[in-house]
$ cat entry02.pdb   # PDB, C-alpha atoms
ATOM      1  CA  MET A   1       5.711  10.310 -28.481
ATOM      2  CA  TYR A   2       5.135   7.168 -30.532
ATOM      3  CA  GLU A   3       8.589   5.743 -29.691
ATOM      4  CA  GLU A   4       8.086   6.251 -25.959
ATOM      5  CA  ALA A   5       4.614   4.710 -26.069
ATOM      6  CA  ALA A   6       5.924   1.726 -28.040
ATOM      7  CA  ARG A   7       8.692   1.289 -25.442
ATOM      8  CA  LEU A   8       6.078   1.452 -22.660
ATOM      9  CA  ALA A   9       4.089  -1.256 -24.469
ATOM     10  CA  GLU A  10       7.204  -3.471 -24.574
ATOM     11  CA  LEU A  11       7.928  -2.918 -20.874
ATOM     12  CA  LEU A  12       4.364  -3.613 -19.736
ATOM     13  CA  THR A  13       4.390  -6.853 -21.729
ATOM     14  CA  SER A  14       7.853  -7.982 -20.630
ATOM     15  CA  LYS A  15       6.985  -7.290 -16.973
ATOM     16  CA  ARG A  16       3.799  -9.359 -17.493
ATOM     17  CA  VAL A  17       1.561  -6.524 -16.376
ATOM     18  CA  TYR A  18      -0.432  -7.249 -19.547
ATOM     19  CA  GLU A  19      -0.355 -10.131 -22.010
ATOM     20  CA  LYS A  20      -0.460  -7.877 -25.068
ATOM     21  CA  VAL A  21      -0.068  -4.124 -25.470
ATOM     22  CA  SER A  22      -0.473  -2.474 -28.875
ATOM     23  CA  VAL A  23      -0.488   1.020 -30.295
ATOM     24  CA  TYR A  24      -4.084   1.814 -31.241
ATOM     25  CA  GLU A  25      -3.668   5.420 -32.355
ATOM     26  CA  ALA A  26      -0.634   7.680 -32.600
ATOM     27  CA  GLY A  27      -1.352  11.397 -32.556
ATOM     28  CA  GLY A  28       0.807  14.463 -32.251
ATOM     29  CA  GLU A  29       0.601  14.976 -28.502
ATOM     30  CA  CYS A  30      -0.728  11.611 -27.324
ATOM     31  CA  THR A  31      -0.510   7.935 -28.215
ATOM     32  CA  LEU A  32      -3.326   5.561 -27.292
ATOM     33  CA  LEU A  33      -2.456   1.967 -26.389
ATOM     34  CA  THR A  34      -4.696  -1.049 -25.902
ATOM     35  CA  ALA A  35      -3.611  -3.448 -23.168
ATOM     36  CA  ARG A  36      -5.115  -6.909 -22.691
ATOM     37  CA  ARG A  37      -4.887  -9.247 -19.716
ATOM     38  CA  GLY A  38      -7.279 -12.194 -19.912
ATOM     39  CA  ASP A  39     -10.766 -10.812 -20.520
ATOM     40  CA  THR A  40      -9.738  -7.338 -19.376
ATOM     41  CA  LEU A  41      -9.020  -4.596 -21.894
ATOM     42  CA  HIS A  42      -7.502  -1.317 -20.757
ATOM     43  CA  LEU A  43      -6.846   1.838 -22.728
ATOM     44  CA  ILE A  44      -3.658   3.753 -21.959
ATOM     45  CA  ALA A  45      -3.229   7.348 -23.118
ATOM     46  CA  VAL A  46       0.462   8.325 -23.063
ATOM     47  CA  ALA A  47       1.704  11.905 -23.369
ATOM     48  CA  ARG A  48       4.597  14.145 -22.411
ATOM     49  CA  HIS A  49       4.825  17.602 -20.879
ATOM     50  CA  ASP A  50       8.196  19.216 -20.274
ATOM     51  CA  ASP A  51      10.326  16.551 -18.547
ATOM     52  CA  TRP A  52       7.298  14.495 -17.449
ATOM     53  CA  ILE A  53       5.802  11.503 -19.214
ATOM     54  CA  TYR A  54       2.352  10.553 -18.038
ATOM     55  CA  ALA A  55      -0.409   8.079 -18.739
ATOM     56  CA  LYS A  56      -4.042   7.568 -17.928
ATOM     57  CA  VAL A  57      -5.124   3.932 -17.728
ATOM     58  CA  ALA A  58      -8.814   3.009 -17.720
ATOM     59  CA  PRO A  59     -11.042   0.047 -18.569
ATOM     60  CA  ALA A  60     -12.083   0.215 -22.217
ATOM     61  CA  ASP A  61     -15.724  -0.142 -21.105
ATOM     62  CA  ALA A  62     -15.441   3.319 -19.518
ATOM     63  CA  LEU A  63     -15.829   4.794 -23.002
ATOM     64  CA  GLN A  64     -19.272   3.323 -23.676
ATOM     65  CA  GLY A  65     -20.674   4.989 -26.770
ATOM     66  CA  ALA A  66     -17.612   7.192 -27.268
ATOM     67  CA  SER A  67     -14.834   6.652 -29.732
ATOM     68  CA  TRP A  68     -11.500   5.505 -28.387
ATOM     69  CA  SER A  69      -9.263   8.550 -28.231
ATOM     70  CA  CYS A  70      -6.910  10.193 -25.788
ATOM     71  CA  SER A  71      -9.245  13.146 -25.225
ATOM     72  CA  ASN A  72     -12.236  10.892 -24.477
ATOM     73  CA  LEU A  73     -10.122   8.811 -22.117
ATOM     74  CA  TYR A  74      -8.931  11.929 -20.268
ATOM     75  CA  TYR A  75     -12.539  13.005 -19.655
ATOM     76  CA  THR A  76     -13.931   9.732 -18.306
ATOM     77  CA  PRO A  77     -14.148   9.664 -14.506
ATOM     78  CA  TYR A  78     -12.787   6.108 -14.492
ATOM     79  CA  GLY A  79      -9.106   5.288 -14.607
ATOM     80  CA  LEU A  80      -5.908   6.369 -12.937
ATOM     81  CA  TYR A  81      -3.092   8.721 -13.884
ATOM     82  CA  SER A  82       0.606   8.001 -13.433
ATOM     83  CA  PHE A  83       3.402  10.558 -13.785
ATOM     84  CA  ALA A  84       7.113   9.828 -14.195
ATOM     85  CA  HIS A  85      10.385  11.158 -15.545
ATOM     86  CA  SER A  86      11.159   8.055 -17.647
ATOM     87  CA  VAL A  87       9.283   5.374 -19.542
ATOM     88  CA  GLU A  88      10.728   2.746 -17.206
ATOM     89  CA  GLU A  89       9.460   4.582 -14.125
ATOM     90  CA  LEU A  90       6.048   5.014 -15.777
ATOM     91  CA  ALA A  91       5.814   1.266 -16.442
ATOM     92  CA  GLU A  92       6.562   0.570 -12.768
ATOM     93  CA  LYS A  93       3.900   3.019 -11.612
ATOM     94  CA  ILE A  94       1.274   1.546 -13.939
ATOM     95  CA  ALA A  95       2.154  -1.947 -12.713
ATOM     96  CA  ALA A  96       1.770  -0.809  -9.092
ATOM     97  CA  LYS A  97      -1.772   0.473  -9.757
ATOM     98  CA  GLN A  98      -3.240  -2.734 -11.166
ATOM     99  CA  ALA A  99      -5.126  -3.646  -7.967
ATOM    100  CA  ARG A 100      -6.773  -0.201  -7.892
ATOM    101  CA  LEU A 101      -7.670  -0.533 -11.565
ATOM    102  CA  ARG A 102      -9.342  -3.890 -10.871
ATOM    103  CA  ALA A 103     -11.388  -2.204  -8.133
ATOM    104  CA  GLN A 104     -12.485   0.473 -10.596
ATOM    105  CA  GLU A 105     -13.433  -2.238 -13.101
ATOM    106  CA  ARG A 106     -15.808  -3.730 -10.519
ATOM    107  CA  ILE A 107     -17.375  -0.311  -9.876
ATOM    108  CA  LEU A 108     -17.760   0.254 -13.625
ATOM    109  CA  GLU A 109     -19.301  -3.199 -14.145
ATOM    110  CA  GLU A 110     -21.859  -2.432 -11.428
ATOM    111  CA  ALA A 111     -22.722   0.914 -13.026
ATOM    112  CA  LEU A 112     -23.154  -0.732 -16.421
ATOM    113  CA  ARG A 113     -25.316  -3.497 -14.947
ATOM    114  CA  LYS A 114     -27.569  -0.941 -13.257
ATOM    115  CA  GLY A 115     -27.814   1.085 -16.469
ATOM    116  CA  ILE A 116     -26.141   4.134 -14.963
ATOM    117  CA  LEU A 117     -23.770   4.403 -17.933
ATOM    118  CA  GLU A 118     -24.924   4.135 -21.501
TER
END
$ encode --input "entry02.pdb" --output "structure tokens"
Amino acid sequence: MYEEAARLAELLTSKRVYEKVSVYEAGGECTLLTARRGDTLHLIAVARHDDWIYAKVAPADALQGASWSCSNLYYTPYGLYSFAHSVEELAEKIAAKQARLRAQERILEEALRKGILE
């Protein structure tokens, strides 16, 4: 899984979806990436099941008070999933969801400002 996640990091950087993407944690079934664009930091959990590779992308602020891990990222209500049959297809799908992720960031910022999340 690490090799596929590292390749996804390269693709997301080369396509300028993010300025920098790094492997944060490599586990057996999932690899967690950090992805930065300007002041925005996203977490990307990448995993595989059968012939599918999938990722959940969410603002890092969605894990307020929780450690950064794939399982914590999967359980936050914020973020979007993408499913594909190749790393290249997954990178394209993540790139296509950036506007929706920005909308979720605004919703999350509002919740944090109002003290709904702690």
$ closest_residue --input "entry02.pdb" --among "A:Ala47, A:Leu73, A:Leu108, A:Ile94" --to "Gly28 of chain A" --atoms "all atoms listed in the file"
A:Ala47
$ closest_residue --input "entry02.pdb" --among "A:Val57, A:Ala99, A:Ala111, A:Val21" --to "Arg37 of chain A" --atoms "only C-alpha atoms"
A:Val21
$ residues_around --input "entry02.pdb" --residues "Lys20 of chain A" --least-positions-apart "4" --cutoff "8 Å" --atoms "all atoms listed in the file" --output "VMD selection string"
chain A and resid 13 35 to 37
$ write_last_selection --input "entry02.pdb" --atoms "C-alpha atoms" --output "PDB file, in the frame of the given file"
ATOM      1  CA  THR A  13       4.390  -6.853 -21.729  1.00  0.00           C
ATOM      2  CA  ALA A  35      -3.611  -3.448 -23.168  1.00  0.00           C
ATOM      3  CA  ARG A  36      -5.115  -6.909 -22.691  1.00  0.00           C
ATOM      4  CA  ARG A  37      -4.887  -9.247 -19.716  1.00  0.00           C
TER       5      ARG A  37
END
$ atom_distance --input "entry02.pdb" --atom1 "atom CA of Ala9 of chain A" --atom2 "atom CA of Ser22 of chain A"
6.5 Å
$ closest_residue --input "entry02.pdb" --among "A:Ala6, A:Ile107, A:Ala84, A:Ala26" --to "Arg48 of chain A" --atoms "all atoms listed in the file"
A:Ala84
$ residues_near_point --input "entry02.pdb" --point "(4.1, 13.0, -12.8)" --cutoff "7 Å" --atoms "all atoms listed in the file" --output "list in words"
Trp52, Ile53, Tyr54, Ser82, Phe83 and Ala84 of chain A
$ closest_residue --input "entry02.pdb" --among "A:Ala5, A:Cys70, A:Leu12, A:Ile44" --to "Ala58 of chain A" --atoms "only C-alpha atoms"
A:Ile44
$ resolve_selection --input "entry02.pdb" --expression "the PyMOL selection byres ((chain A and resi 87) around 8)" --output "PDB file with C-alpha atoms, in the frame of the given file"
ATOM      1  CA  GLU A   4       8.086   6.251 -25.959  1.00  0.00           C
ATOM      2  CA  ARG A   7       8.692   1.289 -25.442  1.00  0.00           C
ATOM      3  CA  LEU A   8       6.078   1.452 -22.660  1.00  0.00           C
ATOM      4  CA  ILE A  53       5.802  11.503 -19.214  1.00  0.00           C
ATOM      5  CA  ALA A  84       7.113   9.828 -14.195  1.00  0.00           C
ATOM      6  CA  HIS A  85      10.385  11.158 -15.545  1.00  0.00           C
ATOM      7  CA  SER A  86      11.159   8.055 -17.647  1.00  0.00           C
ATOM      8  CA  GLU A  88      10.728   2.746 -17.206  1.00  0.00           C
ATOM      9  CA  GLU A  89       9.460   4.582 -14.125  1.00  0.00           C
ATOM     10  CA  LEU A  90       6.048   5.014 -15.777  1.00  0.00           C
ATOM     11  CA  ALA A  91       5.814   1.266 -16.442  1.00  0.00           C
TER      12      ALA A  91
END
$ resolve_selection --input "entry02.pdb" --expression "the PyMOL selection byres ((chain A and resi 109) around 12)" --output "list in words"
Thr40, Pro59, Ala60, Asp61, Ala62, Gln64, Tyr78, Arg102, Ala103, Gln104, Glu105, Arg106, Ile107, Leu108, Glu110, Ala111, Leu112, Arg113, Lys114, Gly115, Ile116, Leu117 and Glu118 of chain A
$ closest_residue --input "entry02.pdb" --among "A:Glu25, A:Glu19, A:Glu92, A:Asp39" --to "Tyr2 of chain A" --atoms "only C-alpha atoms"
A:Glu25
$ closest_residue --input "entry02.pdb" --among "A:Cys30, A:Lys15, A:Asp51, A:Lys56" --to "Pro77 of chain A" --atoms "only C-alpha atoms"
A:Lys56
$ build_atoms --input "entry02.pdb" --residues "segment 43-60 of chain A" --atoms "N, CA and C atoms" --output "PDB file, keeping the file's coordinate frame"
ATOM      1  N   LEU A  43      -7.375   0.832 -21.823  1.00  0.00           N
ATOM      2  CA  LEU A  43      -6.846   1.838 -22.728  1.00  0.00           C
ATOM      3  C   LEU A  43      -5.832   2.652 -21.948  1.00  0.00           C
ATOM      4  N   ILE A  44      -4.718   2.978 -22.598  1.00  0.00           N
ATOM      5  CA  ILE A  44      -3.658   3.753 -21.959  1.00  0.00           C
ATOM      6  C   ILE A  44      -3.325   4.932 -22.863  1.00  0.00           C
ATOM      7  N   ALA A  45      -3.592   6.136 -22.388  1.00  0.00           N
ATOM      8  CA  ALA A  45      -3.229   7.348 -23.118  1.00  0.00           C
ATOM      9  C   ALA A  45      -1.879   7.824 -22.584  1.00  0.00           C
ATOM     10  N   VAL A  46      -0.898   7.964 -23.468  1.00  0.00           N
ATOM     11  CA  VAL A  46       0.462   8.325 -23.063  1.00  0.00           C
ATOM     12  C   VAL A  46       0.823   9.669 -23.693  1.00  0.00           C
ATOM     13  N   ALA A  47       1.325  10.578 -22.872  1.00  0.00           N
ATOM     14  CA  ALA A  47       1.704  11.905 -23.369  1.00  0.00           C
ATOM     15  C   ALA A  47       2.907  12.420 -22.583  1.00  0.00           C
ATOM     16  N   ARG A  48       3.436  13.538 -23.047  1.00  0.00           N
ATOM     17  CA  ARG A  48       4.597  14.145 -22.411  1.00  0.00           C
ATOM     18  C   ARG A  48       4.343  15.635 -22.241  1.00  0.00           C
ATOM     19  N   HIS A  49       4.836  16.162 -21.114  1.00  0.00           N
ATOM     20  CA  HIS A  49       4.825  17.602 -20.879  1.00  0.00           C
ATOM     21  C   HIS A  49       6.120  17.961 -20.176  1.00  0.00           C
ATOM     22  N   ASP A  50       6.878  18.840 -20.787  1.00  0.00           N
ATOM     23  CA  ASP A  50       8.196  19.216 -20.274  1.00  0.00           C
ATOM     24  C   ASP A  50       9.021  17.943 -20.034  1.00  0.00           C
ATOM     25  N   ASP A  51       9.514  17.753 -18.805  1.00  0.00           N
ATOM     26  CA  ASP A  51      10.326  16.551 -18.547  1.00  0.00           C
ATOM     27  C   ASP A  51       9.509  15.422 -17.915  1.00  0.00           C
ATOM     28  N   TRP A  52       8.179  15.532 -17.984  1.00  0.00           N
ATOM     29  CA  TRP A  52       7.298  14.495 -17.449  1.00  0.00           C
ATOM     30  C   TRP A  52       6.704  13.672 -18.577  1.00  0.00           C
ATOM     31  N   ILE A  53       6.596  12.372 -18.354  1.00  0.00           N
ATOM     32  CA  ILE A  53       5.802  11.503 -19.214  1.00  0.00           C
ATOM     33  C   ILE A  53       4.680  10.986 -18.331  1.00  0.00           C
ATOM     34  N   TYR A  54       3.480  10.973 -18.869  1.00  0.00           N
ATOM     35  CA  TYR A  54       2.352  10.553 -18.038  1.00  0.00           C
ATOM     36  C   TYR A  54       1.392   9.694 -18.844  1.00  0.00           C
ATOM     37  N   ALA A  55       0.557   8.975 -18.104  1.00  0.00           N
ATOM     38  CA  ALA A  55      -0.409   8.079 -18.739  1.00  0.00           C
ATOM     39  C   ALA A  55      -1.677   8.044 -17.905  1.00  0.00           C
ATOM     40  N   LYS A  56      -2.792   7.889 -18.605  1.00  0.00           N
ATOM     41  CA  LYS A  56      -4.042   7.568 -17.928  1.00  0.00           C
ATOM     42  C   LYS A  56      -4.440   6.185 -18.399  1.00  0.00           C
ATOM     43  N   VAL A  57      -4.723   5.303 -17.442  1.00  0.00           N
ATOM     44  CA  VAL A  57      -5.124   3.932 -17.728  1.00  0.00           C
ATOM     45  C   VAL A  57      -6.551   3.763 -17.231  1.00  0.00           C
ATOM     46  N   ALA A  58      -7.417   3.221 -18.102  1.00  0.00           N
ATOM     47  CA  ALA A  58      -8.814   3.009 -17.720  1.00  0.00           C
ATOM     48  C   ALA A  58      -9.358   1.782 -18.439  1.00  0.00           C
ATOM     49  N   PRO A  59     -10.379   1.146 -17.863  1.00  0.00           N
ATOM     50  CA  PRO A  59     -11.042   0.047 -18.569  1.00  0.00           C
ATOM     51  C   PRO A  59     -11.649   0.573 -19.868  1.00  0.00           C
ATOM     52  N   ALA A  60     -11.528  -0.202 -20.921  1.00  0.00           N
ATOM     53  CA  ALA A  60     -12.083   0.215 -22.217  1.00  0.00           C
ATOM     54  C   ALA A  60     -13.583   0.442 -22.125  1.00  0.00           C
TER      55      ALA A  60
END
